[in-house]
Structures are given as structure tokens and as C-alpha cells.
Amino acid sequence: MNIAEAERRTGLSRANIRFYEKEGLLKPTRGENGYRDYTEDNVQTLRKIMLLRRLRLSVPDIRAIESGEKALPEAAAGQLDVLQGDIRESEQAYAMCRAICEDRAEWNGLDVDRYQSIVLPADDPREKDRIPPTGCPWRRFLARNVDAGLYGLLWSMLAQWVFRINPENFIQLTASLAWTLACGYAGWLLTFVFEPVLLHYWGTTPGKWIFGLSVRDEGGEKLSIRTAYARLWGVFGYGNCYSLPFFEWYCNYKCYRACKEEELPWDLENGCSIIVREREVRWYRVALYLLVLVLRAAAGYGIDLYAKLPPNRGELTLAEYVENCNDCLKYNQGTAPYVRPDGSWNKDLDIMGGSYTGFSLGDSAVSDVTVETDADGYVQSVTVVSDSQNGSCGYQERMTVYYAFAAAYAKWSWLYADHMRDDIIDDGWEYDAPDTKNVKEAHLDGLDFRYEYEFSGASRDNAVDGKPMPYHSVLTIEKE
């Protein structure tokens with residue numbers, strides 16, 4: 001039978017049973033899964049222990065009786081004197097209580113000297129015979145939070161750098177919730193990969209180390225891989241309700257309360273215990289925890305910025321440039337890749353039921369992208385020509401070319417590229433803007449930028465009445 005059944009059969013708690021195991025009074029077997037298996041003999045042993053403990057026999061005396069070093073009648077005879085003294089004390093207490101009743105004593109006139117010998121009843125042995133809880137629930141919770149954050153960073157790197165999943169594309173509520181849930185389970189998967197190894201070889205985890213905690217088995221040794229996995233499964237199931245939303249918080253609260261009374265189930269069932277270096281949290285541990293939070297936030301931001309950069313940097317072949325374009329469209333915009341191998345854009349690609357028109361304001365928008373290479377096959381220049389009778393168009397192409405070619409060739413950081421973008425490729429078109437004809441030129445990090453644009457009739461009335469709003473622009477980015 002498992003420990004829950006042993007609890008039901010004996011009326012003892014897990015902490016009581018584990019205490020007697022630790023004291024060597026009980027030796028259950030272990031099944032193939034590593035969990036304790038209690039037999040009928042074990043249950044009867046526990047009942048015998050409880051009987052003798054109620055007789056005030058000490059645990060060492062019971063151990064000696066069980067091993068045959070001391071005869072039970074001999075131990076019981078020695079206990080008679082102890083119990084006789086208890087009887088005398090109880091009789092004295094009874095007499096004092098009766099005297100208080102007969103005297104009808106009041107609080108203000110209570111004769112303390114007369115009644116000071118009153119004896120209180122003995123404590124229930126089950127309150128003494130239990131493994132003392134480690135406590136410190138907040139430290140354990142925050143340590144788990146630190147570890148979860150580190151595994152979350154690792155998952156962010158895999159998701160954004162390797163699988164090219166951009167969290168910013170999950171803008172709808174249901175998609176955002178689904179992504180959050182998926183990230184939670186991915187973090188737990190990484191926890192199952194790393195935590196047992198850390199506990200086996202190091203005896204702690206980064207979060208536990210920060211708060212001066214470690215995990216040891218019954219013999220004070222580091223956990224085996226198998227025991228560490230079994231313990232972690234208990235944390236995942238019992239302590240976090242398998243990471244189910246809302247239920248997880250309820251389980252966390254239950255564990256918070258239970259942690260103050262006894263060791264938590266995953267430690268009791270696997271013969272583990274939390275070792276605390278100091279009972280009071282030192283100031284430098286709090287400072288280290290806050291520093292980790294700041295570094296974790298900075299690392300997450302850095303991972304996000306690096307993921308937005310194009311995969312190929314420096315001198316670009318035509319194939320690398322095309323890969324940059326399609327990666328930018330897929331990752332940063334959440335759209336399908338539609339730049340052809342020659343660098344032109346596939347405007348006939350079916351997107352959400354219609355052909356691609358450069359994310360422009362009208363169906364007559366046309367943006368042509370041409371790429372020129374040098375004698376060595378590297379991209380020399382890229383030109384985007386946009387024409388429309390319905391207002392501004394081609395911004396998507398200009399922005400993609402800007403990141404895929406200019407930012408990649410110059411090896412700009414995302415922050416710098418983002419800062420310079422509008423200064424180079426923004427035309428200022430908006431409704432009710434005055435008729436404009438302008439040329440922007442810039443020379444940055446070995447690149448020449450020239451952006452000429454003109455538009456007229458940019459008004460809401462023209463848009464409503466279907467009147468023309470001519471727009472023309474040419475962006476050229478060329479290596480010096």
C-alpha cells in the first residue's frame with residue numbers, strides 16, 4: 001500500500017510515519033517506481049509504536065524493544081513508576097481544581113501560592129514524533145521563480161533564435177493566452193531536463209543557491225537522478241497542479257500553508273529534505289535576488305532585439321539578401337515569405353483572400369523592387385519604386401529592404417536601425433498633408449541612401465469621393 005493508505009489505516013500523518021522511518025523503527029520496501037510500499041506488518045508496527053508512545057515510552061526505548069535489546073515487560077515495569085508519578089500529579093491537579101470550585105475563587109482574589117502546583121495534561125506524542133518542517137515558504141517560492149525565469153530565458157532563445165517564433169505576433173487574446181500556456185509548459189520541460197542533473201551533481205539549483213537552500217536525501221547525500229525526477233514530478237503535479245491556469249495558484253497557496261506545518265509531500269515521499277544555511281535571510285541574498293531579476297529582464301530584452309536582426313550580416317549574396325527579406329517578413333511582420341530568388345516581390349501571392357499590393361491604400365498600388373549585384377555576386381544596390389493613385393504605398397517594401405540590406409550590411413544593432421529608419425524612409429504622407437516633393441540623402445557606414453518622393457491631393461475628401469491622390473517614390477540603397 002502507499003503512504004496515503006498507511007496514513008488512513010494508522011491515523012498518523014506522513015510526517016509521523018517518515019519520522020519513525022528516519023528513527024529506524026520502520027523499514028518499508030520500495031517498488032520499481034521508487035516509491036515506498038507499506039505492508040500489513042508495517043501498519044501493525046506503526047500501531048504498536050503508537051501504543052507504546054502513549055505509554056510515554058521514549059523512541060530509543062521502543063527501538064531497543066523492537067530489536068530485542070530490551071524486553072517489553074521490563075520496559076513496561078520501568079514505565080510504571082513514571083505513570084504512577086503522572087497519576088499523582090493528575091490527582092493533585094484534580095484536587096486543586098475541586099478546591100478552586102469549592103472556594104468559588106475569583107480572579108482578583110486567586111491565591112497563586114496555593115494553586116501553583118497544578119499540572120497540565122501531557123502532550124499528544126504525535127505532535128512530537130514528526131520531522132520538523134523546514135519552513136521558509138517564501139524563500140522556496142522565490143527560488144523556484146528564479147529557476148523558472150532562467151529556463152524561460154533559455155526557451156525564449158530557442159523559440160526566437162532557432163524556431164523563429166515572434167511573441168509579438170500573438171496579438172489576439174486567445175492566441176496570446178495559448179502562447180503563454182505553451183511557454184509555461186516549455187519552461188517545465190526544460191526544468192525536467194536540467195533540475196535533476198543540477199540536484200544530482202550540485203545539490204542545489206541557481207534559485208536555491210541564491211537563498212541558501214539545498215536538497216539532500218535521508219543520508220545527507222545529493223539526490224540520485226531518479227529521486228530528483230520523482231521529487232520534481234511531485235512539485236509539478238502536487239505543488240503546481242500540472243501548471244493548469246488558476247489551479248496552479250490554488251496549489252501554491254495550499255503548499256504555502258502546509259510548508260509551515262510539515263515537510264511537503266514530494267520531499268516526504270522521496271526521503272528528501274531542504275537544508276537551510278541560515279534561518280534569517282541575509283541582506284546580500286535579497287540584493288542578489290533583485291540583481292538577478294534586473295539581469296533577467298535585460299537578458300529577455302536583449303534576446304528579443306537580437307532575434308529581430310536579419311540572419312545574414314555584412315557582405316550579402318543575392319540568396320542571403322532574399323533570405324533576410326523573407327525572414328524579416330515572417331518574423332517581424334508575421335506574414336508569408338514572398339520575395340523571389342531574384343529579389344523581386346511576388347505581388348500575386350494570395351494573402352488572406354487577395355493579392356499582395358504592398359500594404360497600400362488602394363488596389364492600383366504598385367511597388368517594384370530591383371536588386372543589382374557586383375562582379376563577385378554580392379548585392380550592390382537595391383531600388384524600390386512605388387506608384388499609386390490612392391496615396392502612399394510601398395512602405396512595407398522599403399522597410400524590409402532597409403533591414404534586410406542596409407542594417408544587415410552595416411551590422412547595425414536593432415535599436416540603432418530602428419532609430420534611423422524613419423529619418424531615412426519616412427515620407428510624411430498623411431491625410432490633409434500639403435502637396436510635397438522632396439529628396440532625402442544620407443551616407444552612413446559605407447552606404448548611400450537616396451529617397452525621393454512626391455505626392456498631392458492627400459485629403460480625406462478625395463479618398464471618400466474616389467478622386468486621385470497621386471503618389472510616387474524611389475528609394476535607392478547602394479554601397480559606396
# chains A, B, ... in the order shown; residues from 1 in each chain; ligands from 1
>>> residues_around(residues="Asp342 of chain A", least_positions_apart="6", cutoff="8 Å", atoms="only C-alpha atoms", output="number ranges by chain")
A: 318, 322, 371
>>> write_last_selection(atoms="N, CA and C atoms", output="PDB file, in the first residue's frame")
ATOM      1  N   LEU A 318      23.061  37.384 -53.270  1.00  0.00           N
ATOM      2  CA  LEU A 318      21.647  37.571 -53.585  1.00  0.00           C
ATOM      3  C   LEU A 318      20.781  36.603 -52.777  1.00  0.00           C
ATOM      4  N   VAL A 322      17.853  37.644 -50.095  1.00  0.00           N
ATOM      5  CA  VAL A 322      16.475  37.141 -50.185  1.00  0.00           C
ATOM      6  C   VAL A 322      16.072  36.445 -48.876  1.00  0.00           C
ATOM      7  N   VAL A 371      17.181  44.426 -57.673  1.00  0.00           N
ATOM      8  CA  VAL A 371      18.432  44.200 -56.952  1.00  0.00           C
ATOM      9  C   VAL A 371      19.561  44.074 -57.966  1.00  0.00           C
TER      10      VAL A 371
END
>>> residues_around(residues="Ser13 of chain A", least_positions_apart="5", cutoff="10 Å", atoms="only C-alpha atoms", output="list in words")
Ile3, Ala4, Ala6, Glu7, Arg8, Arg18, Phe19, Arg126, Arg130 and Glu262 of chain A
>>> write_last_selection(atoms="C-alpha atoms", output="PDB file, in the first residue's frame")
ATOM      1  CA  ILE A   3       1.734   6.153   2.237  1.00  0.00           C
ATOM      2  CA  ALA A   4      -1.753   7.642   1.896  1.00  0.00           C
ATOM      3  CA  ALA A   6      -0.874   3.817   5.625  1.00  0.00           C
ATOM      4  CA  GLU A   7      -1.992   7.197   6.946  1.00  0.00           C
ATOM      5  CA  ARG A   8      -5.637   6.170   6.762  1.00  0.00           C
ATOM      6  CA  ARG A  18       8.600   9.474   7.967  1.00  0.00           C
ATOM      7  CA  PHE A  19       9.884  10.345  11.464  1.00  0.00           C
ATOM      8  CA  ARG A 126       2.134  12.589  17.616  1.00  0.00           C
ATOM      9  CA  ARG A 130       7.389  14.133  13.451  1.00  0.00           C
ATOM     10  CA  GLU A 262       5.431  19.787   7.891  1.00  0.00           C
TER      11      GLU A 262
END
>>> closest_atom_pairs(of="segment 182-227 of chain A", to="segment 34-56 of chain A", cutoff="12 Å", atoms="only C-alpha atoms", output="Markdown table")
| residue | atom | partner | partner_atom | distance |
| --- | --- | --- | --- | --- |
| A:Ser224 | CA | A:Gly34 | CA | 11.2 |
| A:Ile225 | CA | A:Gly34 | CA | 11.5 |
| A:Arg226 | CA | A:Gly34 | CA | 7.9 |
| A:Thr227 | CA | A:Gly34 | CA | 7.5 |
>>> write_last_selection(atoms="C-alpha atoms", output="PDB file, in the first residue's frame")
ATOM      1  CA  SER A 224      20.153  10.396  -7.355  1.00  0.00           C
ATOM      2  CA  ILE A 225      18.863  11.305 -10.799  1.00  0.00           C
ATOM      3  CA  ARG A 226      15.872   9.017 -10.298  1.00  0.00           C
ATOM      4  CA  THR A 227      14.953  10.513  -6.933  1.00  0.00           C
TER       5      THR A 227
END
>>> atom_distance(atom1="atom CA of Tyr378 of chain A", atom2="atom CA of Ala407 of chain A")
15.4 Å
>>> closest_residue(among="A:Ile275, A:Val197, A:Leu173, A:Leu475", to="Ile424 of chain A", atoms="only C-alpha atoms")
A:Leu475
>>> atom_distance(atom1="atom CA of Asp327 of chain A", atom2="atom CA of Ile165 of chain A")
10.8 Å
>>> atom_distance(atom1="atom CA of Glu454 of chain A", atom2="atom CA of Glu372 of chain A")
24.7 Å
>>> select_by_dssp(residues="segment 330-450 of chain A", states="strand (DSSP E or B)", output="ChimeraX atom specification")
/A:339,345,350-351,354-355,366-373,378-388,390,436-444,447-450
>>> write_last_selection(atoms="C-alpha atoms", output="PDB file, in the first residue's frame")
ATOM      1  CA  VAL A 339      10.475  37.581 -52.110  1.00  0.00           C
ATOM      2  CA  TRP A 345       8.413  40.621 -54.842  1.00  0.00           C
ATOM      3  CA  ASP A 350      -2.683  35.047 -52.222  1.00  0.00           C
ATOM      4  CA  ILE A 351      -2.759  36.622 -48.773  1.00  0.00           C
ATOM      5  CA  GLY A 354      -6.441  38.867 -52.051  1.00  0.00           C
ATOM      6  CA  SER A 355      -3.265  39.584 -53.960  1.00  0.00           C
ATOM      7  CA  VAL A 366       2.456  49.060 -57.444  1.00  0.00           C
ATOM      8  CA  SER A 367       5.942  48.697 -55.897  1.00  0.00           C
ATOM      9  CA  ASP A 368       8.789  47.289 -57.938  1.00  0.00           C
ATOM     10  CA  VAL A 369      11.941  46.089 -56.194  1.00  0.00           C
ATOM     11  CA  THR A 370      15.124  45.534 -58.207  1.00  0.00           C
ATOM     12  CA  VAL A 371      18.432  44.200 -56.952  1.00  0.00           C
ATOM     13  CA  GLU A 372      21.823  44.671 -58.583  1.00  0.00           C
ATOM     14  CA  THR A 373      24.918  42.613 -57.776  1.00  0.00           C
ATOM     15  CA  TYR A 378      27.359  40.390 -53.788  1.00  0.00           C
ATOM     16  CA  VAL A 379      24.390  42.743 -53.621  1.00  0.00           C
ATOM     17  CA  GLN A 380      25.493  46.203 -54.752  1.00  0.00           C
ATOM     18  CA  SER A 381      22.239  48.160 -54.618  1.00  0.00           C
ATOM     19  CA  VAL A 382      18.513  47.792 -54.086  1.00  0.00           C
ATOM     20  CA  THR A 383      15.876  50.098 -55.538  1.00  0.00           C
ATOM     21  CA  VAL A 384      12.216  50.327 -54.571  1.00  0.00           C
ATOM     22  CA  VAL A 385       9.903  52.230 -56.946  1.00  0.00           C
ATOM     23  CA  SER A 386       6.357  52.829 -55.738  1.00  0.00           C
ATOM     24  CA  ASP A 387       3.485  54.356 -57.698  1.00  0.00           C
ATOM     25  CA  SER A 388      -0.122  54.795 -56.694  1.00  0.00           C
ATOM     26  CA  ASN A 390      -4.595  56.268 -53.985  1.00  0.00           C
ATOM     27  CA  THR A 436       5.050  67.505 -51.238  1.00  0.00           C
ATOM     28  CA  LYS A 437       8.105  66.885 -53.388  1.00  0.00           C
ATOM     29  CA  ASN A 438      11.315  66.095 -51.564  1.00  0.00           C
ATOM     30  CA  VAL A 439      14.638  64.247 -51.706  1.00  0.00           C
ATOM     31  CA  LYS A 440      16.449  62.719 -48.721  1.00  0.00           C
ATOM     32  CA  GLU A 441      20.089  61.701 -48.919  1.00  0.00           C
ATOM     33  CA  ALA A 442      22.357  60.140 -46.350  1.00  0.00           C
ATOM     34  CA  HIS A 443      25.799  58.490 -46.196  1.00  0.00           C
ATOM     35  CA  LEU A 444      26.138  56.005 -43.357  1.00  0.00           C
ATOM     36  CA  LEU A 447      26.084  53.052 -47.756  1.00  0.00           C
ATOM     37  CA  ASP A 448      24.482  55.789 -49.847  1.00  0.00           C
ATOM     38  CA  PHE A 449      20.791  56.394 -49.248  1.00  0.00           C
ATOM     39  CA  ARG A 450      18.650  58.397 -51.661  1.00  0.00           C
TER      40      ARG A 450
END
>>> residues_around(residues="segment 329-331 of chain A", least_positions_apart="3", cutoff="9 Å", atoms="only C-alpha atoms", output="CSV table (one decimal) with C-alpha atoms, in the first residue's frame")
chain,number,residue,atom,x,y,z
A,160,GLN,CA,13.0,33.2,-31.1
A,164,ARG,CA,11.9,32.0,-35.3
A,165,ILE,CA,8.7,32.5,-33.3
A,166,ASN,CA,8.0,36.1,-32.6
A,169,ASN,CA,2.8,38.3,-33.5
A,307,ALA,CA,16.0,37.9,-32.8
A,308,LYS,CA,14.8,40.8,-34.9
A,324,ASN,CA,17.0,38.2,-45.0
A,325,CYS,CA,13.9,39.7,-46.7
A,326,ASN,CA,11.7,36.6,-46.1
A,334,GLY,CA,4.1,37.6,-39.3
A,335,THR,CA,3.5,37.3,-43.0
A,336,ALA,CA,4.3,34.7,-45.5
A,337,PRO,CA,7.7,34.9,-47.3
A,338,TYR,CA,7.2,36.2,-50.8
A,396,GLN,CA,6.5,47.6,-46.3
A,400,THR,CA,12.0,45.3,-45.4
>>> select_by_dssp(residues="segment 252-317 of chain A", states="alpha helix (DSSP H)", output="number ranges by chain")
A: 252-259, 265-269, 283-308
>>> closest_residue(among="A:Gly466, A:Gly239, A:Gly207, A:Pro245", to="Ala182 of chain A", atoms="only C-alpha atoms")
A:Pro245
>>> residues_around(residues="Arg421 of chain A", least_positions_apart="6", cutoff="12 Å", atoms="only C-alpha atoms", output="list in words")
Tyr395, Arg398, Met399, Thr400, Val401, Tyr402, Tyr403, Ala406, Ala407, Trp412, Trp414, Leu415, Asp427, Ala442 and Phe449 of chain A
>>> closest_residue(among="A:Glu5, A:Leu213, A:Gly271, A:Ile303", to="Gly135 of chain A", atoms="only C-alpha atoms")
A:Leu213
